[in-house]
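Structure file target.txt (compact mmCIF, C-alpha atoms and all ligand atoms) follows.
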# COMPACT_ATOMS: atom_id res chain seq x y z
CA MET G 1 -9.02 -8.27 12.79
CA LYS G 2 -7.22 -11.54 12.28
CA VAL G 3 -4.68 -11.44 9.47
CA LEU G 4 -2.90 -14.40 7.88
CA VAL G 5 0.44 -13.84 6.13
CA LEU G 6 1.72 -16.54 3.76
CA GLY G 7 5.44 -17.31 3.60
CA GLY G 8 8.34 -17.57 6.00
CA GLY G 9 11.23 -15.42 4.78
CA GLY G 10 12.58 -11.95 5.46
CA ARG G 11 9.85 -10.25 3.43
CA GLU G 12 7.18 -12.03 5.47
CA HIS G 13 8.95 -11.20 8.74
CA ALA G 14 8.78 -7.53 7.75
CA LEU G 15 5.12 -7.83 6.67
CA CYS G 16 4.18 -9.55 9.94
CA TRP G 17 6.01 -6.83 11.88
CA ALA G 18 4.16 -4.04 10.05
CA ILE G 19 0.80 -5.80 10.32
CA ALA G 20 1.30 -6.64 14.01
CA ASN G 21 1.86 -2.90 14.62
CA SER G 22 -1.60 -2.08 13.27
CA SER G 23 -4.17 -0.85 15.75
CA LEU G 24 -6.82 -2.76 13.79
CA VAL G 25 -5.18 -6.13 14.27
CA GLU G 26 -5.89 -8.46 17.16
CA GLN G 27 -3.85 -11.43 15.96
CA VAL G 28 -1.45 -12.18 13.13
CA PHE G 29 -0.93 -15.71 11.82
CA CYS G 30 1.79 -16.84 9.46
CA ALA G 31 1.84 -20.00 7.35
CA PRO G 32 4.28 -21.59 7.64
CA GLY G 33 6.17 -18.72 9.32
CA SER G 34 9.52 -19.25 11.02
CA ASP G 35 10.97 -19.28 14.54
CA ALA G 36 11.73 -15.56 14.25
CA ILE G 37 8.29 -14.72 12.86
CA ALA G 38 6.75 -16.73 15.72
CA GLN G 39 7.77 -13.87 18.03
CA LEU G 40 5.19 -11.69 16.23
CA ALA G 41 2.72 -14.06 14.63
CA THR G 42 1.17 -17.41 15.43
CA PRO G 43 2.70 -20.07 13.19
CA VAL G 44 0.36 -22.23 11.11
CA ALA G 45 1.68 -25.57 9.87
CA VAL G 46 0.44 -25.21 6.30
CA GLY G 47 2.64 -24.83 3.21
CA VAL G 48 2.30 -21.75 1.00
CA GLU G 49 1.20 -23.78 -1.99
CA ASP G 50 -1.38 -25.85 -0.12
CA ILE G 51 -4.32 -23.77 -1.33
CA GLN G 52 -6.99 -26.01 0.20
CA GLY G 53 -5.15 -26.06 3.51
CA ILE G 54 -4.85 -22.27 3.54
CA VAL G 55 -8.50 -21.68 2.66
CA GLY G 56 -9.59 -24.29 5.21
CA PHE G 57 -7.53 -22.71 7.98
CA ALA G 58 -8.72 -19.21 7.09
CA VAL G 59 -12.38 -20.24 7.20
CA GLU G 60 -12.06 -22.19 10.46
CA SER G 61 -10.10 -19.48 12.21
CA GLY G 62 -12.22 -16.54 11.09
CA ILE G 63 -9.38 -14.84 9.21
CA ASP G 64 -10.40 -11.41 7.88
CA LEU G 65 -7.53 -10.79 5.51
CA VAL G 66 -4.84 -12.93 3.87
CA VAL G 67 -1.56 -11.39 2.66
CA PRO G 68 0.52 -13.73 0.48
CA GLY G 69 4.25 -12.93 0.48
CA PRO G 70 5.63 -14.99 -2.44
CA GLU G 71 4.27 -15.38 -5.97
CA ALA G 72 3.79 -19.16 -5.95
CA PRO G 73 0.50 -19.28 -4.00
CA LEU G 74 -0.89 -16.42 -6.11
CA VAL G 75 -0.02 -18.18 -9.36
CA ALA G 76 -1.57 -21.34 -7.87
CA GLY G 77 -4.85 -19.50 -7.23
CA VAL G 78 -4.90 -18.74 -3.51
CA ALA G 79 -6.72 -15.43 -4.06
CA ASP G 80 -9.42 -17.18 -6.11
CA GLY G 81 -9.88 -19.91 -3.49
CA LEU G 82 -10.17 -17.36 -0.70
CA LYS G 83 -12.56 -15.19 -2.68
CA ASP G 84 -14.85 -18.18 -3.25
CA ALA G 85 -14.82 -18.72 0.51
CA GLY G 86 -15.66 -15.04 1.13
CA ILE G 87 -12.26 -14.09 2.55
CA ALA G 88 -10.35 -10.97 1.49
CA CYS G 89 -6.93 -11.55 -0.03
CA PHE G 90 -4.42 -8.82 -0.81
CA GLY G 91 -3.08 -10.17 -4.09
CA PRO G 92 -4.12 -10.97 -7.64
CA SER G 93 -6.18 -13.82 -9.06
CA ALA G 94 -4.31 -16.69 -10.70
CA ALA G 95 -5.18 -15.18 -14.09
CA ALA G 96 -3.68 -11.78 -13.19
CA ALA G 97 -0.70 -13.40 -11.42
CA GLN G 98 0.35 -14.67 -14.85
CA MET G 99 1.99 -11.27 -15.05
CA GLU G 100 4.81 -12.95 -13.12
CA GLY G 101 3.92 -16.60 -13.81
CA SER G 102 4.52 -16.30 -17.55
CA LYS G 103 7.05 -13.94 -19.13
CA ALA G 104 5.30 -14.25 -22.51
CA PHE G 105 1.93 -13.34 -20.95
CA ALA G 106 3.54 -10.26 -19.40
CA LYS G 107 5.33 -9.20 -22.58
CA ASP G 108 2.11 -9.51 -24.56
CA VAL G 109 0.28 -7.24 -22.10
CA LEU G 110 3.19 -4.76 -22.16
CA ASP G 111 3.20 -4.59 -25.95
CA ARG G 112 -0.54 -4.06 -26.13
CA ALA G 113 -0.35 -1.44 -23.36
CA GLY G 114 2.48 0.35 -25.19
CA VAL G 115 4.86 0.03 -22.22
CA PRO G 116 8.53 0.52 -23.18
CA THR G 117 10.26 -2.85 -22.83
CA ALA G 118 12.95 -4.95 -24.52
CA ARG G 119 12.15 -6.34 -27.99
CA TRP G 120 11.28 -10.01 -27.60
CA GLN G 121 10.01 -13.21 -29.13
CA ARG G 122 8.66 -16.45 -27.69
CA PHE G 123 10.01 -19.90 -28.65
CA ASP G 124 9.22 -23.49 -27.77
CA GLN G 125 11.63 -25.08 -30.27
CA SER G 126 15.37 -24.74 -30.02
CA ALA G 127 16.22 -24.34 -33.74
CA PRO G 128 14.25 -21.12 -34.34
CA ALA G 129 15.38 -19.83 -30.92
CA LYS G 130 19.02 -20.28 -31.93
CA ALA G 131 18.40 -18.61 -35.29
CA TYR G 132 16.87 -15.60 -33.49
CA ILE G 133 19.92 -15.39 -31.21
CA GLU G 134 22.25 -15.44 -34.22
CA LYS G 135 20.16 -12.73 -35.86
CA LEU G 136 20.05 -10.38 -32.83
CA GLY G 137 23.59 -11.09 -31.63
CA ALA G 138 24.98 -10.77 -28.11
CA PRO G 139 24.54 -9.55 -25.45
CA ILE G 140 21.10 -11.09 -25.34
CA VAL G 141 18.77 -12.38 -22.64
CA VAL G 142 17.16 -15.83 -22.46
CA LYS G 143 14.29 -16.30 -19.99
CA ALA G 144 12.34 -19.39 -19.00
CA ASP G 145 8.68 -18.50 -19.53
CA GLY G 146 7.46 -19.91 -16.20
CA LEU G 147 8.54 -19.68 -12.57
CA ALA G 148 12.02 -21.14 -12.13
CA ALA G 149 12.85 -20.18 -8.53
CA GLY G 150 14.62 -17.02 -9.65
CA LYS G 151 17.08 -19.00 -11.80
CA GLY G 152 15.35 -18.83 -15.16
CA VAL G 153 17.11 -15.75 -16.58
CA THR G 154 20.42 -15.88 -18.47
CA VAL G 155 21.97 -12.57 -19.40
CA ALA G 156 24.30 -13.91 -22.09
CA MET G 157 27.36 -11.91 -23.08
CA THR G 158 28.03 -14.22 -26.07
CA THR G 159 25.73 -15.99 -28.51
CA ALA G 160 27.34 -19.30 -27.45
CA GLU G 161 26.22 -18.71 -23.87
CA ALA G 162 22.70 -17.86 -25.04
CA ILE G 163 22.52 -20.98 -27.21
CA GLU G 164 23.66 -23.07 -24.26
CA ALA G 165 20.83 -21.60 -22.17
CA VAL G 166 18.34 -22.51 -24.90
CA GLU G 167 19.59 -26.08 -25.07
CA ALA G 168 19.56 -26.45 -21.28
CA ALA G 169 15.98 -25.21 -21.05
CA ILE G 170 14.33 -26.72 -24.13
CA ASP G 171 16.39 -29.85 -24.87
CA GLU G 172 17.60 -30.80 -21.39
CA LYS G 173 14.53 -29.40 -19.58
CA ILE G 174 16.54 -28.20 -16.56
CA PHE G 175 13.61 -26.03 -15.48
CA GLY G 176 10.99 -28.68 -16.34
CA GLU G 177 7.78 -27.27 -17.79
CA ALA G 178 8.72 -23.73 -16.66
CA GLY G 179 11.45 -23.69 -19.31
CA ALA G 180 9.67 -25.59 -22.07
CA SER G 181 8.89 -22.22 -23.54
CA LEU G 182 11.35 -19.30 -23.65
CA VAL G 183 11.28 -15.56 -24.08
CA ILE G 184 14.38 -14.27 -25.82
CA GLU G 185 14.87 -10.54 -25.62
CA GLU G 186 17.10 -7.63 -26.35
CA PHE G 187 19.72 -6.78 -23.72
CA LEU G 188 19.09 -3.47 -21.96
CA ASP G 189 21.91 -1.52 -20.40
CA GLY G 190 21.54 0.82 -17.45
CA GLU G 191 20.87 1.04 -13.75
CA GLU G 192 17.99 -0.92 -12.22
CA ALA G 193 15.36 0.30 -9.76
CA SER G 194 12.35 -1.28 -8.09
CA PHE G 195 9.00 0.45 -8.46
CA HIS G 196 6.16 -0.88 -6.29
CA VAL G 197 2.55 0.23 -6.41
CA MET G 198 -0.52 -0.92 -4.52
CA THR G 199 -3.63 -1.15 -6.63
CA ASP G 200 -7.24 -2.26 -6.37
CA GLY G 201 -7.32 -2.75 -10.15
CA GLU G 202 -8.09 0.85 -10.94
CA ASN G 203 -6.84 3.18 -8.22
CA VAL G 204 -3.11 3.23 -7.62
CA VAL G 205 -1.00 4.19 -4.61
CA PRO G 206 2.70 4.27 -5.44
CA LEU G 207 5.00 3.02 -2.70
CA ALA G 208 8.43 4.48 -1.97
CA THR G 209 11.10 3.68 -4.56
CA SER G 210 13.91 1.26 -3.82
CA GLN G 211 16.85 -0.55 -5.30
CA ASP G 212 18.23 -3.99 -4.54
CA HIS G 213 21.63 -5.56 -5.10
CA LYS G 214 21.47 -8.92 -6.84
CA ARG G 215 25.17 -9.81 -7.10
CA ALA G 216 26.93 -11.63 -4.28
CA GLY G 217 30.08 -9.51 -4.26
CA ASP G 218 31.06 -5.91 -3.56
CA GLY G 219 30.84 -3.54 -6.48
CA ASP G 220 27.99 -5.65 -7.91
CA SER G 221 30.39 -8.43 -8.91
CA GLY G 222 30.13 -12.20 -8.63
CA PRO G 223 27.18 -14.54 -9.10
CA ASN G 224 23.50 -13.58 -9.07
CA THR G 225 21.59 -14.13 -5.82
CA GLY G 226 18.10 -13.65 -4.49
CA GLY G 227 19.23 -10.19 -3.27
CA MET G 228 22.07 -9.12 -0.97
CA GLY G 229 20.60 -5.86 0.24
CA ALA G 230 18.33 -2.96 -0.62
CA TYR G 231 17.73 0.68 0.13
CA SER G 232 14.96 3.21 -0.21
CA PRO G 233 14.49 5.77 -1.67
CA ALA G 234 16.29 5.17 -4.97
CA PRO G 235 17.49 8.69 -5.91
CA ILE G 236 17.90 7.59 -9.52
CA VAL G 237 14.10 7.53 -9.74
CA THR G 238 13.67 11.28 -10.05
CA ASP G 239 10.26 12.96 -9.96
CA ALA G 240 10.28 13.01 -13.76
CA VAL G 241 11.04 9.28 -13.99
CA HIS G 242 8.39 8.60 -11.36
CA GLN G 243 5.78 10.49 -13.33
CA GLU G 244 6.75 8.80 -16.57
CA VAL G 245 6.56 5.34 -15.01
CA MET G 246 3.12 6.03 -13.56
CA GLU G 247 1.76 7.47 -16.82
CA ARG G 248 3.42 5.24 -19.40
CA PHE G 249 3.89 1.99 -17.46
CA VAL G 250 1.58 1.50 -14.50
CA HIS G 251 -1.71 3.01 -15.64
CA PRO G 252 -1.65 1.54 -19.19
CA THR G 253 -0.75 -1.87 -17.77
CA LEU G 254 -3.64 -1.83 -15.30
CA LYS G 255 -6.08 -0.52 -17.92
CA THR G 256 -5.08 -3.26 -20.36
CA MET G 257 -5.39 -5.97 -17.71
CA ALA G 258 -8.82 -4.71 -16.65
CA ALA G 259 -9.99 -4.59 -20.28
CA ASP G 260 -8.74 -8.16 -20.75
CA GLY G 261 -10.98 -9.28 -17.88
CA THR G 262 -8.00 -9.95 -15.58
CA PRO G 263 -7.89 -6.85 -13.37
CA PHE G 264 -4.87 -6.73 -11.08
CA GLN G 265 -5.34 -6.23 -7.33
CA GLY G 266 -2.44 -6.30 -4.88
CA VAL G 267 1.11 -5.06 -5.17
CA LEU G 268 2.60 -4.74 -8.62
CA TYR G 269 6.38 -4.46 -8.55
CA GLY G 270 8.07 -3.31 -11.72
CA GLY G 271 11.74 -3.94 -12.29
CA LEU G 272 12.91 -0.88 -14.19
CA MET G 273 16.01 -0.46 -16.31
CA LEU G 274 16.94 3.20 -16.59
CA THR G 275 18.57 3.22 -20.01
CA SER G 276 20.08 6.13 -21.93
CA ASP G 277 16.84 5.88 -23.92
CA GLY G 278 14.66 6.42 -20.85
CA PRO G 279 13.12 3.94 -18.44
CA LYS G 280 12.14 0.51 -19.71
CA LEU G 281 10.34 -2.29 -17.95
CA LEU G 282 12.35 -5.48 -17.38
CA GLU G 283 9.55 -7.40 -15.74
CA TYR G 284 6.61 -7.21 -13.38
CA ASN G 285 6.31 -9.18 -10.16
CA VAL G 286 2.96 -9.68 -8.47
CA ARG G 287 4.23 -9.32 -4.88
CA PHE G 288 6.62 -7.28 -2.78
CA GLY G 289 10.31 -7.57 -3.59
CA ASP G 290 12.55 -9.29 -1.10
CA PRO G 291 14.58 -7.54 0.41
CA GLU G 292 12.87 -4.36 -0.85
CA CYS G 293 9.86 -5.08 1.37
CA GLN G 294 12.07 -4.89 4.45
CA VAL G 295 13.17 -1.31 3.70
CA LEU G 296 9.68 -0.26 2.59
CA MET G 297 8.09 -1.51 5.82
CA MET G 298 10.67 0.36 7.91
CA ARG G 299 9.95 3.61 6.06
CA LEU G 300 6.18 3.26 6.12
CA LYS G 301 4.67 5.61 8.70
CA SER G 302 1.00 4.83 8.01
CA ASP G 303 -0.75 1.76 9.30
CA ILE G 304 -0.46 -0.69 6.39
CA VAL G 305 -3.61 -2.67 7.17
CA PRO G 306 -6.24 -0.10 6.05
CA ALA G 307 -4.38 0.16 2.74
CA LEU G 308 -4.26 -3.61 2.25
CA LEU G 309 -7.97 -3.86 3.03
CA ALA G 310 -8.88 -0.92 0.81
CA ALA G 311 -7.08 -2.60 -2.10
CA THR G 312 -9.25 -5.69 -1.68
CA GLU G 313 -12.38 -3.52 -1.54
CA GLY G 314 -11.74 -1.27 -4.54
CA GLU G 315 -11.36 1.69 -2.17
CA LEU G 316 -7.73 2.70 -2.64
CA ASN G 317 -8.84 6.14 -3.84
CA HIS G 318 -9.45 6.89 -0.14
CA VAL G 319 -5.96 5.89 0.95
CA ASP G 320 -2.92 8.10 1.31
CA LEU G 321 0.21 6.37 2.59
CA ARG G 322 2.72 8.39 4.58
CA TRP G 323 6.42 7.64 4.75
CA TRP G 324 9.06 8.64 7.27
CA ASP G 325 11.25 11.31 5.77
CA LYS G 326 14.21 9.00 6.30
CA ALA G 327 16.10 6.50 4.23
CA ALA G 328 16.20 2.80 5.01
CA LEU G 329 18.90 0.32 4.11
CA SER G 330 19.02 -3.44 4.56
CA VAL G 331 22.14 -5.59 4.54
CA VAL G 332 21.57 -9.28 3.88
CA MET G 333 23.79 -11.65 5.84
CA ALA G 334 24.15 -15.02 4.11
CA THR G 335 25.78 -18.33 4.92
CA ASN G 336 29.35 -18.71 3.61
CA GLY G 337 29.19 -20.35 0.18
CA TYR G 338 25.83 -18.86 -0.84
CA PRO G 339 24.58 -18.73 -3.63
CA GLY G 340 26.53 -21.97 -4.21
CA ASP G 341 26.60 -24.88 -1.78
CA TYR G 342 26.53 -24.07 1.90
CA GLU G 343 25.99 -25.85 5.20
CA LYS G 344 23.09 -25.20 7.52
CA GLY G 345 23.28 -24.89 11.27
CA SER G 346 26.15 -22.49 12.04
CA PRO G 347 25.55 -20.59 15.30
CA ILE G 348 24.69 -16.89 15.24
CA LYS G 349 25.24 -14.64 18.27
CA GLY G 350 24.78 -10.96 18.98
CA LEU G 351 21.32 -10.65 17.45
CA GLU G 352 19.87 -8.99 20.53
CA ALA G 353 22.59 -6.36 20.67
CA ALA G 354 22.18 -5.64 16.95
CA GLY G 355 18.40 -5.39 17.20
CA ALA G 356 18.62 -3.15 20.28
CA LEU G 357 20.24 -0.29 18.36
CA ASP G 358 17.86 2.61 17.71
CA ASP G 359 16.15 2.48 14.30
CA VAL G 360 17.37 -1.05 13.59
CA MET G 361 15.34 -4.17 12.84
CA VAL G 362 16.89 -7.55 12.18
CA PHE G 363 14.55 -9.46 9.89
CA HIS G 364 15.16 -13.19 9.59
CA ALA G 365 15.08 -14.89 6.21
CA GLY G 366 16.40 -18.33 7.14
CA SER G 367 17.20 -19.00 10.78
CA LYS G 368 16.25 -21.51 13.42
CA ARG G 369 16.03 -21.24 17.15
CA ASP G 370 18.05 -23.72 19.17
CA GLY G 371 17.30 -23.18 22.84
CA ASP G 372 18.55 -19.67 23.63
CA HIS G 373 20.56 -19.48 20.44
CA TRP G 374 19.98 -18.93 16.77
CA ARG G 375 21.40 -20.98 13.94
CA ALA G 376 21.55 -20.41 10.20
CA ASN G 377 18.97 -22.41 8.31
CA GLY G 378 19.30 -21.25 4.73
CA GLY G 379 21.36 -19.29 2.21
CA ARG G 380 20.11 -15.81 2.96
CA VAL G 381 19.67 -15.71 6.72
CA LEU G 382 19.30 -12.14 8.05
CA GLY G 383 18.29 -8.71 6.75
CA VAL G 384 19.85 -6.16 9.06
CA THR G 385 17.80 -3.05 8.36
CA ALA G 386 18.25 0.52 9.60
CA LEU G 387 16.75 3.97 9.18
CA GLY G 388 18.83 7.12 8.87
CA ASP G 389 18.44 10.78 7.87
CA THR G 390 20.25 10.01 4.62
CA ILE G 391 21.12 6.81 2.78
CA ALA G 392 24.69 7.23 4.05
CA ALA G 393 23.45 7.47 7.65
CA ALA G 394 21.19 4.44 7.24
CA GLN G 395 24.13 2.56 5.75
CA GLU G 396 26.38 3.48 8.67
CA ARG G 397 23.76 2.41 11.20
CA ALA G 398 23.03 -0.87 9.39
CA TYR G 399 26.71 -1.82 9.35
CA GLN G 400 27.04 -0.88 13.04
CA ALA G 401 24.36 -3.46 13.69
CA VAL G 402 25.94 -5.98 11.29
CA ASP G 403 29.20 -5.66 13.22
CA LEU G 404 27.41 -6.65 16.42
CA VAL G 405 26.30 -9.92 14.84
CA ASP G 406 28.79 -12.62 15.75
CA TRP G 407 28.53 -15.19 13.00
CA PRO G 408 31.77 -16.64 11.61
CA GLY G 409 29.70 -18.90 9.33
CA GLY G 410 28.18 -15.96 7.48
CA PHE G 411 29.14 -13.05 5.23
CA CYS G 412 27.65 -9.91 3.78
CA ARG G 413 28.48 -7.28 1.22
CA ARG G 414 30.13 -4.21 2.73
CA ASP G 415 28.88 -1.74 0.12
CA ILE G 416 25.07 -1.92 0.08
CA GLY G 417 23.80 1.45 -1.17
CA TRP G 418 27.07 2.43 -2.86
CA ARG G 419 25.44 3.83 -5.97
CA ALA G 420 23.34 6.23 -3.92
CA VAL G 421 26.01 7.07 -1.31
P1 LIG G 501 14.37 -11.59 -13.41
O1 LIG G 501 14.66 -12.97 -12.90
O2 LIG G 501 13.38 -11.50 -14.51
O3 LIG G 501 14.17 -10.64 -12.26
O4 LIG G 501 15.72 -11.06 -14.07
C1 LIG G 501 16.86 -11.10 -13.32
C2 LIG G 501 17.78 -10.02 -13.72
O5 LIG G 501 18.21 -10.21 -15.05
C3 LIG G 501 17.19 -8.61 -13.73
O6 LIG G 501 17.14 -8.02 -12.47
C4 LIG G 501 18.21 -7.93 -14.60
O7 LIG G 501 19.38 -7.63 -13.86
C5 LIG G 501 18.54 -8.97 -15.61
N1 LIG G 501 17.77 -8.78 -16.85
C6 LIG G 501 16.54 -9.25 -17.13
N2 LIG G 501 16.15 -8.86 -18.37
C7 LIG G 501 17.16 -8.12 -18.87
C8 LIG G 501 17.37 -7.43 -20.11
N3 LIG G 501 16.46 -7.43 -21.09
N4 LIG G 501 18.54 -6.76 -20.28
C9 LIG G 501 19.47 -6.76 -19.30
N5 LIG G 501 19.34 -7.39 -18.13
C10 LIG G 501 18.20 -8.06 -17.90
N1 LIG G 502 14.35 -8.27 -5.09
C1 LIG G 502 14.07 -9.11 -6.17
C2 LIG G 502 12.82 -9.85 -6.07
O1 LIG G 502 12.15 -9.85 -5.07
O2 LIG G 502 12.42 -10.45 -7.07
Take the structure I supplied and represent it as structure tokens, if you would.
Amino acid sequence: MKVLVLGGGGREHALCWAIANSSLVEQVFCAPGSDAIAQLATPVAVGVEDIQGIVGFAVESGIDLVVPGPEAPLVAGVADGLKDAGIACFGPSAAAAQMEGSKAFAKDVLDRAGVPTARWQRFDQSAPAKAYIEKLGAPIVVKADGLAAGKGVTVAMTTAEAIEAVEAAIDEKIFGEAGASLVIEEFLDGEEASFHVMTDGENVVPLATSQDHKRAGDGDSGPNTGGMGAYSPAPIVTDAVHQEVMERFVHPTLKTMAADGTPFQGVLYGGLMLTSDGPKLLEYNVRFGDPECQVLMMRLKSDIVPALLAATEGELNHVDLRWWDKAALSVVMATNGYPGDYEKGSPIKGLEAAGALDDVMVFHAGSKRDGDHWRANGGRVLGVTALGDTIAAAQERAYQAVDLVDWPGGFCRRDIGWRAV
């Protein structure tokens, strides 16, 4: 088989690695890929949102399966374009990808499916939005309805902060059209966990549980980021929670989407808040989490490709994924200054030594090759990922590898996994 992965970050590096390990696969392509991914997959100079370019390349090159990493191409209709061209795509149609593309769409499905979630209302005018904030009081959460590059959510501790977020989105249009409409919802308190399933629209295969760390600083302090690390399993997702999430969240959601005529195929990733009132759903994403994907791919023992294909063929009832009975933990190394301003191009050494440790993979999220050397080329740059018999052992191994990376221009958190360790 020839498989095309879309994207070029750490998640896609991990996906390319897992797919390249498949006995069914002859060649992996990645559009646009990266210098690090090019060691595993042939780069294709097409952007992830260039749907025509992707479909054209897939047809010309005889691609058998396309695996989009990020949400943007799915929301833009890449799965629909590929389907029309007769090419399998592991991921939802544009209509079903609205589950992530529009918070209000998702909340409406959740309410009709009876999935426990924060109380909410949608607004496209600032006056009624402000009145709702005054009525509910703080803390309260203001979310841009559309995709806002991960920056559309304000968890406001005061009503003033929430009102500012409303004005910035609706009056000042800082998110453009994505923030012209807002979802304002009740604040939920608790610990978060990531719950991924693969589905063909009807049959569901749950993936291992995981948890990421969104704050830049140790002890989950400091500004929000795209994710500073992750681990799997998430012990907070007990068997009872797992069962409840499958029965009360996943199956009703998929049934409702199918009944609406927008069945969901691909990976559905629920962000859970484990509140004192039981689990509630914060949001659904229509793709693998990043960096959760990196730990999931390290723990996956089965060949991933038959499962991806089965999802596209409505045959997931025949698939049983096996996982190594080990934990995985990924430490993100980022450029100094991230998530604020930072400079690109600082040199990184020691990557070979780090990657040569047993049970360690260094996935690249934003690097560039410069002759024999590597340089930083983004905010989040590396995902140093390790397996271990326990989360503590995986953590120890991951930091051993981190300490072999010689990169004065970068930093990482030193406590990834602390809640579980
Ligand atoms: P999102 O961009 O939708 O992933 O949201 C980013 C983060 O905001 C989530 O991971 C949570 O930490 C937080 N968040 C979102 N909704 C709520 C909520 N209703 N209550 C508390 N925190 C929330
Ligand atoms: N790990 C958070 C995300 O992928 O959205």
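Pairwise distance (atom CA of G:Met298, atom CA of G:Leu268) equals 19.1 Å.
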Which chains and residue numbers are within 8 Å of ligand LIG 501 (chain G), counting all atoms listed in the file, if I want them as number ranges by chain? G: 117-118, 140-141, 143, 150-155, 185-189, 192, 214, 271, 273, 282-283
Selected residue of minimal separation from G:Cys412 among G:His196, G:His318, G:Arg299, G:His213, counting all atoms listed in the file: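 Closest candidate: G:His213.
Near ligand LIG 502 (chain G), the residues found within 9 Å are Arg11, Pro70, Gly150, Ser194, Gln211, Asp212, His213, Lys214, Gly226, Gly227, Met228, Gly229, Ala230, Tyr269, Gly271, Asn285, Arg287, Phe288, Gly289, Asp290, Pro291, Glu292 and Cys293 of chain G (criterion computed using all atoms listed in the file).
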Smallest atom-to-atom distance to G:Val25: which of G:Met99, G:Val362, G:Pro306, G:Gly146, using only C-alpha atoms?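 The closest residue to G:Val25 is G:Pro306.
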For a cutoff of 6 Å around the file-coordinate point (14.7, 3.6, -1.1), which residues qualify once you count all atoms listed in the file? I'd like the result as a list in words.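 Protein, DNA and RNA residues close to (14.7, 3.6, -1.1): Thr209, Ser210, Tyr231, Ser232, Pro233 and Ala234 of chain G.
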What is the distance between atom CA of G:Ser61 and atom CA of G:Ile87, in Å to one decimal?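 Atom CA of G:Ile87 lies at a distance of 11.3 Å from atom CA of G:Ser61.
Nearest to G:Leu321 of all the residues G:Leu274, G:Val205, G:Ala401, G:Leu387 is G:Val205, based on all atoms listed in the file.
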